[in-house]
$ cat target-v1.txt   # compact mmCIF, C-alpha atoms
# COMPACT_ATOMS: atom_id res chain seq x y z
CA MET A 24 0.00 0.00 0.00
CA ALA A 25 1.38 3.41 -0.97
CA THR A 26 1.93 5.86 1.88
CA SER A 27 -0.89 8.15 0.84
CA ASP A 28 -3.31 5.20 0.55
CA LYS A 29 -2.27 4.16 4.01
CA ASP A 30 -2.83 7.65 5.41
CA MET A 31 -6.26 7.72 3.81
CA LEU A 32 -7.16 4.36 5.35
CA VAL A 33 -5.96 5.56 8.77
CA GLN A 34 -8.13 8.67 8.46
CA PHE A 35 -11.14 6.53 7.57
CA LEU A 36 -10.51 4.20 10.52
CA LEU A 37 -10.10 7.15 12.89
CA ARG A 38 -13.44 8.54 11.72
CA MET A 39 -15.14 5.23 12.48
CA GLY A 40 -13.33 4.67 15.77
CA ASP A 41 -13.56 8.23 17.06
CA ASN A 42 -17.32 8.32 16.42
CA SER A 43 -17.86 5.26 18.55
CA LEU A 44 -15.29 6.30 21.17
CA ILE A 45 -16.68 9.77 21.74
CA LEU A 46 -20.32 8.73 21.63
CA GLY A 47 -19.52 5.75 23.87
CA HIS A 48 -17.97 8.12 26.38
CA ARG A 49 -20.88 10.55 26.21
CA VAL A 50 -23.42 7.78 26.72
CA SER A 51 -21.39 6.37 29.62
CA GLU A 52 -21.82 9.71 31.38
CA TRP A 53 -25.43 8.62 32.05
CA CYS A 54 -24.31 5.65 34.12
CA GLY A 55 -26.05 5.99 37.48
CA HIS A 56 -28.01 9.06 36.35
CA ALA A 57 -30.68 7.79 33.94
CA PRO A 58 -34.33 8.36 34.88
CA VAL A 59 -35.06 4.67 35.53
CA LEU A 60 -32.92 1.63 36.27
CA GLU A 61 -33.89 -0.11 33.03
CA GLU A 62 -32.79 2.81 30.87
CA ASP A 63 -29.65 3.28 32.92
CA ILE A 64 -28.45 -0.22 32.26
CA ALA A 65 -29.57 -0.11 28.63
CA LEU A 66 -27.52 3.06 28.07
CA ALA A 67 -24.53 1.50 29.81
CA ASN A 68 -24.83 -1.53 27.52
CA THR A 69 -24.92 0.74 24.48
CA ALA A 70 -21.87 2.63 25.72
CA LEU A 71 -19.99 -0.62 26.23
CA ASP A 72 -20.90 -1.85 22.75
CA LEU A 73 -19.56 1.41 21.30
CA ILE A 74 -16.33 1.23 23.31
CA GLY A 75 -15.95 -2.38 22.14
CA GLN A 76 -16.31 -1.28 18.52
CA THR A 77 -13.77 1.45 19.19
CA GLN A 78 -11.19 -1.11 20.25
CA PHE A 79 -11.48 -2.78 16.85
CA TRP A 80 -11.50 0.37 14.72
CA LEU A 81 -8.70 2.12 16.58
CA GLY A 82 -6.80 -1.13 17.01
CA TYR A 83 -6.76 -1.56 13.26
CA ALA A 84 -5.88 2.12 12.79
CA ALA A 85 -2.92 1.66 15.15
CA GLU A 86 -1.74 -1.36 13.16
CA VAL A 87 -1.89 0.49 9.86
CA MET A 88 0.02 3.44 11.32
CA ASP A 89 3.74 2.83 11.52
CA GLY A 90 5.28 2.05 14.87
CA ASP A 91 3.99 -0.08 17.67
CA LYS A 92 0.97 1.91 18.78
CA THR A 93 -2.10 0.31 20.33
CA ALA A 94 -5.79 1.26 20.35
CA ASP A 95 -5.23 2.71 23.83
CA ASP A 96 -2.43 4.99 22.57
CA VAL A 97 -4.67 6.25 19.81
CA ALA A 98 -7.61 6.84 22.16
CA PHE A 99 -5.79 8.38 25.10
CA LEU A 100 -2.70 10.09 23.71
CA ARG A 101 -4.18 12.36 21.06
CA ASP A 102 -5.41 15.89 21.53
CA VAL A 103 -8.54 17.52 20.15
CA TRP A 104 -7.18 18.48 16.72
CA ASN A 105 -6.34 14.87 15.92
CA PHE A 106 -9.84 13.54 16.54
CA ARG A 107 -11.97 12.76 13.49
CA ASN A 108 -15.43 12.18 14.96
CA ILE A 109 -18.46 14.05 13.69
CA LEU A 110 -19.58 17.01 15.81
CA LEU A 111 -22.93 15.35 16.61
CA VAL A 112 -21.38 12.77 18.93
CA GLU A 113 -19.31 15.21 20.97
CA LEU A 114 -22.25 17.48 21.86
CA PRO A 115 -23.20 17.42 25.54
CA ASN A 116 -25.94 14.97 26.49
CA GLY A 117 -28.62 17.54 27.30
CA ASP A 118 -31.71 15.92 28.77
CA PHE A 119 -32.58 12.25 28.38
CA GLY A 120 -34.65 13.00 25.28
CA GLN A 121 -31.81 14.84 23.58
CA THR A 122 -29.44 11.97 24.35
CA LEU A 123 -31.83 9.46 22.80
CA MET A 124 -32.49 11.69 19.80
CA ARG A 125 -28.74 11.98 19.16
CA GLN A 126 -28.45 8.23 19.62
CA PHE A 127 -31.15 7.56 17.06
CA LEU A 128 -29.73 10.02 14.51
CA PHE A 129 -26.36 8.26 14.84
CA ASP A 130 -27.73 4.70 15.04
CA ALA A 131 -29.78 5.30 11.89
CA TYR A 132 -26.61 6.30 10.03
CA GLN A 133 -24.64 3.34 11.35
CA SER A 134 -27.47 0.94 10.55
CA ILE A 135 -27.15 1.91 6.89
CA LEU A 136 -23.36 2.22 6.77
CA LEU A 137 -22.26 -0.90 8.68
CA PRO A 138 -24.03 -3.53 6.53
CA ARG A 139 -22.34 -1.98 3.48
CA LEU A 140 -18.97 -1.96 5.24
CA SER A 141 -19.42 -5.65 6.00
CA LYS A 142 -18.95 -6.17 2.24
CA SER A 143 -15.77 -4.05 2.21
CA SER A 144 -12.87 -5.06 0.01
CA ASP A 145 -10.73 -4.79 3.15
CA PRO A 146 -11.36 -8.02 5.08
CA ARG A 147 -10.55 -6.45 8.45
CA VAL A 148 -13.04 -3.63 7.88
CA ALA A 149 -15.63 -6.18 6.76
CA GLU A 150 -15.06 -8.30 9.86
CA ILE A 151 -15.36 -5.37 12.30
CA ALA A 152 -18.46 -4.04 10.54
CA GLU A 153 -20.09 -7.47 10.57
CA LYS A 154 -19.78 -7.69 14.35
CA ALA A 155 -20.74 -4.06 14.94
CA SER A 156 -23.81 -4.20 12.71
CA LYS A 157 -25.45 -6.80 14.96
CA GLU A 158 -25.03 -4.49 17.94
CA CYS A 159 -26.20 -1.54 15.89
CA ALA A 160 -29.34 -3.35 14.74
CA TYR A 161 -30.40 -3.53 18.38
CA HIS A 162 -29.32 0.03 19.16
CA VAL A 163 -31.34 1.54 16.33
CA GLU A 164 -34.43 -0.47 17.21
CA ARG A 165 -34.22 0.64 20.81
CA SER A 166 -33.45 4.30 20.15
CA ALA A 167 -36.16 4.51 17.45
CA ASP A 168 -38.72 3.03 19.84
CA THR A 169 -37.78 5.52 22.53
CA VAL A 170 -37.90 8.48 20.13
CA VAL A 171 -41.39 7.38 19.06
CA GLY A 172 -42.48 6.74 22.64
CA LEU A 173 -41.35 10.16 23.84
CA GLY A 174 -42.23 12.08 20.67
CA ASP A 175 -45.74 10.66 20.56
CA GLY A 176 -45.98 10.77 24.35
CA THR A 177 -47.06 13.55 26.67
CA GLU A 178 -47.12 17.23 25.80
CA GLU A 179 -43.94 17.69 27.83
CA SER A 180 -42.04 14.80 26.25
CA HIS A 181 -43.18 15.80 22.77
CA ALA A 182 -41.94 19.36 23.26
CA ARG A 183 -38.58 18.14 24.54
CA MET A 184 -38.12 15.73 21.63
CA GLN A 185 -39.01 18.40 19.08
CA ALA A 186 -36.51 20.75 20.76
CA ALA A 187 -33.89 17.99 20.63
CA LEU A 188 -34.50 17.37 16.94
CA ASP A 189 -34.35 21.11 16.18
CA ARG A 190 -31.09 21.38 18.11
CA LEU A 191 -29.42 18.31 16.59
CA TRP A 192 -30.63 18.39 13.00
CA PRO A 193 -27.93 20.89 11.91
CA TYR A 194 -25.35 18.25 12.91
CA VAL A 195 -26.79 15.54 10.65
CA GLY A 196 -25.45 16.87 7.36
CA GLU A 197 -21.82 16.33 8.34
CA MET A 198 -22.31 12.57 8.17
CA PHE A 199 -22.91 12.83 4.42
CA ALA A 200 -20.35 15.49 3.50
CA SER A 201 -17.98 13.47 1.34
CA ASP A 202 -14.39 14.54 0.78
CA ASP A 203 -11.27 13.17 -0.92
CA ILE A 204 -10.78 10.53 1.78
CA ASP A 205 -14.28 9.20 1.16
CA ALA A 206 -13.63 9.26 -2.57
CA ALA A 207 -10.44 7.22 -2.08
CA MET A 208 -12.25 4.70 0.15
CA ALA A 209 -15.07 4.36 -2.37
CA ALA A 210 -12.63 3.93 -5.27
CA ALA A 211 -10.80 1.18 -3.38
CA GLY A 212 -14.09 -0.53 -2.49
CA ILE A 213 -13.28 -0.15 1.20
CA ALA A 214 -16.27 2.00 2.13
CA PRO A 215 -19.27 3.54 0.37
CA ASP A 216 -19.39 7.25 -0.41
CA PRO A 217 -21.36 8.67 2.55
CA ALA A 218 -23.30 10.98 0.24
CA SER A 219 -24.77 7.90 -1.41
CA LEU A 220 -26.40 6.87 1.90
CA ARG A 221 -28.43 10.05 2.32
CA SER A 222 -31.70 9.04 0.65
CA GLU A 223 -31.91 5.80 2.59
CA TYR A 224 -31.15 7.73 5.78
CA ASP A 225 -33.80 10.36 5.07
CA ALA A 226 -36.35 7.63 4.43
CA LEU A 227 -35.60 5.86 7.71
CA VAL A 228 -35.44 9.02 9.82
CA GLY A 229 -38.53 10.44 8.08
CA LYS A 230 -40.52 7.31 8.88
CA VAL A 231 -39.54 7.31 12.55
CA MET A 232 -40.10 11.05 13.01
CA ALA A 233 -43.53 10.80 11.38
CA GLU A 234 -44.43 8.02 13.80
CA ALA A 235 -43.06 10.15 16.63
CA THR A 236 -45.21 13.09 15.44
CA LEU A 237 -42.05 15.22 15.18
CA THR A 238 -41.26 17.70 12.43
CA ILE A 239 -37.86 17.58 10.73
CA PRO A 240 -36.51 21.15 10.28
CA GLN A 241 -36.56 22.42 6.70
CA SER A 242 -33.06 23.88 6.73
CA ASP A 243 -30.23 21.66 5.56
CA PHE A 244 -27.57 23.91 7.04
CA ALA A 245 -24.86 21.68 8.48
CA HIS A 246 -22.17 22.31 11.07
CA LYS A 247 -18.99 20.62 9.87
CA GLY A 248 -15.36 20.21 10.80
CA GLY A 249 -15.24 17.14 13.03
CA ARG A 250 -14.69 14.44 10.40
CA SER A 251 -12.06 16.54 8.68
CA GLY A 252 -10.53 17.60 12.01
CA LYS A 253 -10.68 21.24 10.93
CA THR A 254 -12.81 22.52 13.83
CA HIS A 255 -14.32 20.65 16.72
CA THR A 256 -16.83 22.23 19.08
CA GLU A 257 -15.56 23.56 22.40
CA HIS A 258 -17.13 20.51 24.04
CA LEU A 259 -14.63 17.91 22.82
CA GLY A 260 -11.69 19.32 24.78
CA HIS A 261 -13.68 19.18 28.00
CA LEU A 262 -14.71 15.60 27.27
CA LEU A 263 -11.07 14.62 26.69
CA THR A 264 -9.94 16.14 29.98
CA GLN A 265 -12.16 13.58 31.70
CA MET A 266 -11.64 10.67 29.36
CA GLN A 267 -7.87 11.06 29.17
CA TRP A 268 -7.33 12.31 32.70
CA LEU A 269 -5.60 9.21 34.00
CA GLN A 270 -3.09 8.97 31.16
CA ARG A 271 -2.38 12.68 31.35
CA ALA A 272 -1.84 12.67 35.13
CA TYR A 273 0.01 9.35 35.24
CA PRO A 274 1.60 8.76 31.83
CA GLY A 275 1.92 5.10 30.98
CA ALA A 276 -0.14 3.94 33.98
CA SER A 277 -1.70 0.52 33.43
CA TRP A 278 -3.42 -2.22 35.40
CA MET B 10 -53.81 6.80 33.57
CA SER B 11 -51.10 6.02 36.08
CA LYS B 12 -47.78 7.70 35.41
CA GLU B 13 -45.86 4.67 36.64
CA TRP B 14 -44.88 2.03 34.11
CA PRO B 15 -46.43 -1.35 34.90
CA LEU B 16 -44.38 -4.13 36.43
CA TRP B 17 -43.42 -7.10 34.24
CA GLU B 18 -42.26 -10.52 35.33
CA ILE B 19 -39.40 -11.83 33.23
CA PHE B 20 -38.80 -15.43 32.20
CA ILE B 21 -35.66 -16.49 30.38
CA ARG B 22 -34.74 -19.71 28.65
CA GLY B 23 -31.08 -20.37 29.35
CA GLN B 24 -30.46 -22.85 26.56
CA HIS B 25 -32.43 -24.73 23.96
CA GLY B 26 -34.23 -27.65 25.56
CA LEU B 27 -34.61 -26.01 28.96
CA SER B 28 -37.79 -24.31 30.06
CA HIS B 29 -38.13 -20.58 30.71
CA ARG B 30 -37.37 -19.67 34.31
CA HIS B 31 -38.46 -16.68 36.29
CA VAL B 32 -35.44 -14.39 36.73
CA GLY B 33 -36.93 -11.22 38.19
CA SER B 34 -39.07 -8.25 37.30
CA LEU B 35 -38.76 -4.77 35.82
CA HIS B 36 -40.80 -1.78 34.71
CA ALA B 37 -41.66 -0.95 31.10
CA PRO B 38 -44.37 0.98 29.25
CA ASP B 39 -45.40 -1.99 27.07
CA ALA B 40 -44.58 -5.61 26.28
CA GLU B 41 -42.16 -4.77 23.49
CA MET B 42 -40.13 -2.46 25.70
CA ALA B 43 -40.33 -5.00 28.52
CA ILE B 44 -38.59 -7.52 26.25
CA LYS B 45 -35.94 -4.94 25.32
CA ASN B 46 -35.42 -3.99 28.96
CA ALA B 47 -35.22 -7.66 29.92
CA ARG B 48 -32.58 -8.14 27.24
CA ASP B 49 -30.58 -5.28 28.70
CA VAL B 50 -31.08 -6.09 32.38
CA TYR B 51 -31.05 -9.89 32.42
CA THR B 52 -29.04 -11.19 29.45
CA ARG B 53 -25.87 -9.10 29.65
CA ARG B 54 -23.76 -12.12 30.56
CA ASN B 55 -25.03 -14.41 27.88
CA GLU B 56 -27.74 -15.90 30.08
CA GLY B 57 -30.44 -16.52 27.53
CA VAL B 58 -31.75 -17.56 24.14
CA SER B 59 -35.39 -16.58 24.63
CA ILE B 60 -37.37 -14.12 26.73
CA TRP B 61 -40.98 -14.18 27.93
CA VAL B 62 -42.56 -11.20 29.66
CA VAL B 63 -45.87 -11.19 31.53
CA GLU B 64 -47.43 -8.15 33.09
CA ALA B 65 -47.32 -8.86 36.80
CA ASN B 66 -50.99 -8.08 37.39
CA ASN B 67 -51.92 -10.84 34.92
CA ILE B 68 -50.43 -13.44 37.21
CA SER B 69 -52.80 -15.02 39.69
CA ALA B 70 -51.11 -16.43 42.75
CA SER B 71 -52.15 -18.76 45.52
CA SER B 72 -52.63 -17.11 48.85
CA PRO B 73 -49.88 -17.64 51.45
CA SER B 74 -52.58 -17.95 54.13
CA ASP B 75 -53.98 -21.02 52.35
CA LYS B 76 -50.68 -22.82 52.84
CA GLY B 77 -52.15 -25.28 55.34
CA PRO B 78 -55.18 -26.53 53.38
CA LEU B 79 -53.29 -26.48 50.07
CA TYR B 80 -50.02 -28.19 50.86
CA GLU B 81 -50.11 -29.93 54.20
CA PRO B 82 -52.41 -32.80 53.13
CA SER B 83 -49.77 -34.09 50.72
CA GLU B 84 -47.09 -34.24 53.41
CA SER B 85 -48.54 -37.47 54.82
CA LYS B 86 -48.90 -39.21 51.46
CA ILE B 87 -45.43 -40.55 50.93
CA TYR B 88 -46.84 -43.41 48.84
CA ARG B 89 -47.24 -40.90 46.03
CA HIS B 90 -43.48 -40.90 45.57
CA PRO B 91 -42.50 -43.75 43.24
CA THR B 92 -39.95 -45.12 45.67
CA PHE B 93 -41.71 -48.37 46.58
CA PHE B 94 -40.96 -50.32 43.44
CA ASP B 95 -38.24 -52.93 43.31
CA ILE B 96 -36.32 -52.34 40.15
CA PRO B 97 -35.09 -55.58 38.53
CA ASP B 98 -31.31 -55.76 38.31
CA GLU B 99 -31.32 -56.19 34.53
CA ILE B 100 -32.91 -52.72 34.13
CA GLY B 101 -29.76 -51.14 35.50
CA HIS B 102 -29.61 -47.51 36.48
CA MET B 103 -32.76 -45.50 35.81
$ encode --input "target-v1.txt" --output "structure tokens"
Amino acid sequence: MATSDKDMLVQFLLRMGDNSLILGHRVSEWCGHAPVLEEDIALANTALDLIGQTQFWLGYAAEVMDGDKTADDVAFLRDVWNFRNILLVELPNGDFGQTLMRQFLFDAYQSILLPRLSKSSDPRVAEIAEKASKECAYHVERSADTVVGLGDGTEESHARMQAALDRLWPYVGEMFASDDIDAAMAAAGIAPDPASLRSEYDALVGKVMAEATLTIPQSDFAHKGGRSGKTHTEHLGHLLTQMQWLQRAYPGASW
Amino acid sequence: MSKEWPLWEIFIRGQHGLSHRHVGSLHAPDAEMAIKNARDVYTRRNEGVSIWVVEANNISASSPSDKGPLYEPSESKIYRHPTFFDIPDEIGHM
């Protein structure tokens, strides 16, 4: 593999791994705080699934990079500007409804992307996606059900879910903003062009929001910069100070 | 309408061939969510291959105060246990 191809693959793997790492961390923040025990443990399970997927994506990224890095090095020894997750997943949790809305908007994307990645020309990518798509199939079912339950629920829950959708919708577009890395992945048969997933995504999200009696905002303005690493929100740095605290305070600590 | 979610009793089949066993209870707004919650609460360590949920108020139970009339009469009827048969040697271990 030529160096530039390798760099492109690393960037792609970081995008996949950082999405699940950062969202996994955000969701884990609910542990012990969710409104009911059943949701608390369900969120913790989702967070653990995402962290598990991260180990595979970042583990593979570390292998492709030169040197003897591990998934842990990649997760805990990078600073904000080297993260490649979409902005959606780094946003603060907000209320329970906003967390579940974000989860659904992300799960819906993954539920369309992962089955395609399981047919990747790169056998490692295919293998990771195959495993992750089973977990994702459950996540999207659960988050969709909750969005419908709360959206088509009480006046209060409906208002909160509509507010969550209005707040998060401007972060959806970034998932489909293809660039030269996506073009290289598509050309190599490693991953589909994200832009090509949009109509399927809109159909799925449209169906669930209709059932939830929620209105998708008209504007397709999109905040961007996370996938490319150009600009993250101010929230990611704060998240990393917690997530990476141990390695920063005690470099190399292990148990 | 009560604001509390109803209570569901959860039954899980550990492996194919075994019967579902009661493992505990949880709250959920409907049967579908009760199954999802049961999956998340009770099968995290690979405990099951099938889940049944029953809304707790659909279960009728015998009354603890009827313990005497219901169960004591059978205590004195040891002949109901099939332990009085001589098993021929050629049958071997049963």
$ closest_atom_pairs --input "target-v1.txt" --of "chain A" --to "chain B" --cutoff "7 Å" --atoms "all atoms listed in the file" --output "Markdown table"
| residue | atom | partner | partner_atom | distance |
| --- | --- | --- | --- | --- |
| A:Glu61 | CA | B:Asn46 | CA | 5.8 |
| A:Ile64 | CA | B:Val50 | CA | 6.4 |
| A:Ala65 | CA | B:Asp49 | CA | 5.3 |
| A:Asn68 | CA | B:Asp49 | CA | 7.0 |
$ atom_distance --input "target-v1.txt" --atom1 "atom CA of A:Leu137" --atom2 "atom CA of A:Ala160"
9.6 Å
$ atom_distance --input "target-v1.txt" --atom1 "atom CA of A:Thr236" --atom2 "atom CA of A:Ala57"
24.1 Å
$ atom_distance --input "target-v1.txt" --atom1 "atom CA of A:Glu153" --atom2 "atom CA of A:Glu86"
19.5 Å
$ residues_around --input "target-v1.txt" --residues "B:Asn67" --least-positions-apart "5" --cutoff "12 Å" --atoms "only C-alpha atoms" --output "PDB file with C-alpha atoms, in the frame of the given file"
ATOM      1  CA  PRO B  15     -46.430  -1.350  34.900  1.00  0.00           C
ATOM      2  CA  LEU B  16     -44.380  -4.130  36.430  1.00  0.00           C
ATOM      3  CA  TRP B  17     -43.420  -7.100  34.240  1.00  0.00           C
ATOM      4  CA  GLU B  18     -42.260 -10.520  35.330  1.00  0.00           C
ATOM      5  CA  VAL B  62     -42.560 -11.200  29.660  1.00  0.00           C
TER       6      VAL B  62
END
$ decode --input "target-v1.txt" --residues "stretch 176-197 of chain A" --atoms "N, CA and C atoms" --output "JSON list (two decimals), in the first residue's frame"
[["chain", "number", "residue", "atom", "x", "y", "z"],
["A", 176, "GLY", "N", -45.66, 11.05, 22.96],
["A", 176, "GLY", "CA", -45.98, 10.77, 24.35],
["A", 176, "GLY", "C", -46.82, 11.87, 24.96],
["A", 177, "THR", "N", -46.33, 12.46, 26.03],
["A", 177, "THR", "CA", -47.06, 13.55, 26.67],
["A", 177, "THR", "C", -46.70, 14.87, 25.99],
["A", 178, "GLU", "N", -47.40, 15.91, 26.35],
["A", 178, "GLU", "CA", -47.12, 17.23, 25.80],
["A", 178, "GLU", "C", -45.68, 17.63, 26.12],
["A", 179, "GLU", "N", -45.29, 17.36, 27.36],
["A", 179, "GLU", "CA", -43.94, 17.69, 27.83],
["A", 179, "GLU", "C", -42.88, 16.91, 27.05],
["A", 180, "SER", "N", -43.07, 15.59, 26.92],
["A", 180, "SER", "CA", -42.04, 14.80, 26.25],
["A", 180, "SER", "C", -41.98, 15.14, 24.77],
["A", 181, "HIS", "N", -43.15, 15.41, 24.17],
["A", 181, "HIS", "CA", -43.18, 15.80, 22.77],
["A", 181, "HIS", "C", -42.38, 17.09, 22.55],
["A", 182, "ALA", "N", -42.63, 18.08, 23.41],
["A", 182, "ALA", "CA", -41.94, 19.36, 23.26],
["A", 182, "ALA", "C", -40.43, 19.19, 23.41],
["A", 183, "ARG", "N", -40.02, 18.35, 24.34],
["A", 183, "ARG", "CA", -38.58, 18.14, 24.54],
["A", 183, "ARG", "C", -37.96, 17.43, 23.34],
["A", 184, "MET", "N", -38.68, 16.46, 22.78],
["A", 184, "MET", "CA", -38.12, 15.73, 21.63],
["A", 184, "MET", "C", -38.05, 16.62, 20.39],
["A", 185, "GLN", "N", -39.06, 17.47, 20.22],
["A", 185, "GLN", "CA", -39.01, 18.40, 19.08],
["A", 185, "GLN", "C", -37.84, 19.37, 19.25],
["A", 186, "ALA", "N", -37.64, 19.85, 20.49],
["A", 186, "ALA", "CA", -36.51, 20.75, 20.76],
["A", 186, "ALA", "C", -35.19, 20.04, 20.48],
["A", 187, "ALA", "N", -35.12, 18.76, 20.85],
["A", 187, "ALA", "CA", -33.89, 17.99, 20.63],
["A", 187, "ALA", "C", -33.62, 17.84, 19.13],
["A", 188, "LEU", "N", -34.67, 17.54, 18.38],
["A", 188, "LEU", "CA", -34.50, 17.37, 16.94],
["A", 188, "LEU", "C", -34.08, 18.70, 16.29],
["A", 189, "ASP", "N", -34.71, 19.81, 16.72],
["A", 189, "ASP", "CA", -34.35, 21.11, 16.18],
["A", 189, "ASP", "C", -32.89, 21.45, 16.49],
["A", 190, "ARG", "N", -32.46, 21.08, 17.69],
["A", 190, "ARG", "CA", -31.09, 21.38, 18.11],
["A", 190, "ARG", "C", -30.07, 20.53, 17.36],
["A", 191, "LEU", "N", -30.41, 19.25, 17.13],
["A", 191, "LEU", "CA", -29.42, 18.31, 16.59],
["A", 191, "LEU", "C", -29.42, 18.21, 15.07],
["A", 192, "TRP", "N", -30.53, 18.58, 14.45],
["A", 192, "TRP", "CA", -30.63, 18.39, 13.00],
["A", 192, "TRP", "C", -29.48, 19.07, 12.23],
["A", 193, "PRO", "N", -29.05, 20.27, 12.64],
["A", 193, "PRO", "CA", -27.93, 20.89, 11.91],
["A", 193, "PRO", "C", -26.62, 20.11, 11.99],
["A", 194, "TYR", "N", -26.57, 19.07, 12.81],
["A", 194, "TYR", "CA", -25.35, 18.25, 12.91],
["A", 194, "TYR", "C", -25.44, 16.96, 12.09],
["A", 195, "VAL", "N", -26.59, 16.77, 11.42],
["A", 195, "VAL", "CA", -26.79, 15.54, 10.65],
["A", 195, "VAL", "C", -26.03, 15.59, 9.33],
["A", 196, "GLY", "N", -26.04, 16.75, 8.70],
["A", 196, "GLY", "CA", -25.45, 16.87, 7.36],
["A", 196, "GLY", "C", -23.99, 16.46, 7.28],
["A", 197, "GLU", "N", -23.26, 16.65, 8.37],
["A", 197, "GLU", "CA", -21.82, 16.33, 8.34],
["A", 197, "GLU", "C", -21.56, 14.86, 8.03]]
